[in-house]
Amino acid sequence: MPRARRPVVAIVVSGILALTLLAACGGGGDKEPTTAPPPPAAAPLPPAATPLPAPAEAPTPAAAPTPVVEPGVTLYDDYGFKLRLEGDVAIEASGWTAAEPDTSQGALRFSFRTANVVLIWVPSEGATPQTRLAQAYNTVQAAQPGVTFAAVSEGETIVSGQPGVYGGFTASGAADTTLGGLIGAWNCPASDRSFSVIVTAPDAATAQLRFQYLLSNFECAS
């Protein structure tokens, strides 16, 4: 795969990806329960009620973008795309080619059900999903020189109605620890941006389940 152009904030980027892979290799995330916990008790809503009624007074403008947390759902829609996740998920945003994220570039990092996730967006600049996939894979490898990577699969997918591609890999670290990973890439033509998502988990099956969930719950800007 072609070598990716180094982003301006390479040190920050490498740190994000290094922490993601180290957390997965070391099993630092919360373990997924074997049985689903009982849902919290809640007072029943009237038939006409909605979970999030609009406030009567004018809303106070937010000082900084934050995820919208609905009951049992985290909705991230700060930079012209939407990502919906079950549960209360802590999402960290940072710049990718600049110090701070904005609508043209940035990265999200979070843990989700024992998987570690990095979602990246940059201007498409005519790049194909295949090019962005290769760039993301090269970036992951460069961020972890002490880890042995092996590509194991590739294919095509659909994300928010747009054609995309994916590639699977394994990463072997210290103490014979091997994790599974998947990278997906696609373009959102309406906003002229390319997106890449990197998912790593303690095993390939978990990585695949989380990867499919994320792609199914992503929306390009309308």
# chains A, B, ... in the order shown; residues from 1 in each chain; ligands from 1

call {"tool": "residues_around", "arguments": {"residues": "Tyr137 in chain A", "least_positions_apart": "3", "cutoff": "12 Å", "atoms": "only C-alpha atoms", "output": "number ranges by chain"}}
result
A: 1-5, 17, 130-134, 140-144, 149-151, 154, 166-171, 181-185, 196-199

call {"tool": "closest_residue", "arguments": {"among": "A:Ala93, A:Val165, A:Ala136, A:Val122", "to": "Leu108 in chain A", "atoms": "only C-alpha atoms"}}
result
A:Ala93

call {"tool": "residues_around", "arguments": {"residues": "range 188-190 of chain A", "least_positions_apart": "4", "cutoff": "8 Å", "atoms": "only C-alpha atoms", "output": "list in words"}}
result
Gln162, Ser194, Phe195, Cys220, Ala221 and Ser222 of chain A

call {"tool": "write_last_selection", "arguments": {"atoms": "C-alpha atoms", "output": "short mmCIF file (atom, residue, chain, number, x, y, z; two decimals), in the first residue's frame"}}
result
data_model
loop_
_atom_site.label_atom_id
_atom_site.label_comp_id
_atom_site.auth_asym_id
_atom_site.auth_seq_id
_atom_site.Cartn_x
_atom_site.Cartn_y
_atom_site.Cartn_z
CA GLN A 162 -21.60 5.81 -0.06
CA SER A 194 -12.82 11.59 3.37
CA PHE A 195 -13.35 9.48 6.48
CA CYS A 220 -22.60 11.85 6.28
CA ALA A 221 -23.75 15.47 6.32
CA SER A 222 -27.06 15.89 4.49
#

call {"tool": "residues_around", "arguments": {"residues": "range 76-91 of chain A", "least_positions_apart": "4", "cutoff": "6 Å", "atoms": "only C-alpha atoms", "output": "PDB file with C-alpha atoms, in the first residue's frame"}}
result
ATOM      1  CA  PRO A  65     -18.942  21.182  21.140  1.00  0.00           C
ATOM      2  CA  PRO A  67     -21.702  14.912  22.399  1.00  0.00           C
ATOM      3  CA  GLY A  72     -28.990   5.180  26.598  1.00  0.00           C
ATOM      4  CA  THR A 103     -15.373  20.667   9.985  1.00  0.00           C
ATOM      5  CA  ARG A 109     -10.879   8.680  19.879  1.00  0.00           C
ATOM      6  CA  PHE A 110     -13.002   6.561  22.222  1.00  0.00           C
ATOM      7  CA  ASN A 217     -24.413   4.164  12.827  1.00  0.00           C
ATOM      8  CA  PHE A 218     -22.443   6.781  10.895  1.00  0.00           C
ATOM      9  CA  GLU A 219     -24.162   9.444   8.774  1.00  0.00           C
ATOM     10  CA  CYS A 220     -22.601  11.848   6.282  1.00  0.00           C
ATOM     11  CA  ALA A 221     -23.754  15.466   6.325  1.00  0.00           C
TER      12      ALA A 221
END

call {"tool": "select_by_dssp", "arguments": {"residues": "range 64-106 of chain A", "states": "strand (DSSP E or B)", "output": "list in words"}}
result
Val68, Val69, Glu70, Val73, Thr74, Leu75, Tyr76, Lys82, Leu83, Arg84, Leu85, Glu86, Glu92, Ala93, Ser94 and Gly106 of chain A

call {"tool": "residues_around", "arguments": {"residues": "Ser172 in chain A", "least_positions_apart": "2", "cutoff": "7 Å", "atoms": "only C-alpha atoms", "output": "list of chain:residue names"}}
result
A:Val147, A:Thr148, A:Phe149, A:Thr170, A:Asp176, A:Thr177, A:Thr178, A:Leu179

call {"tool": "atom_distance", "arguments": {"atom1": "CA of Leu75 in chain A", "atom2": "CA of Tyr213 in chain A"}}
result
14.0 Å
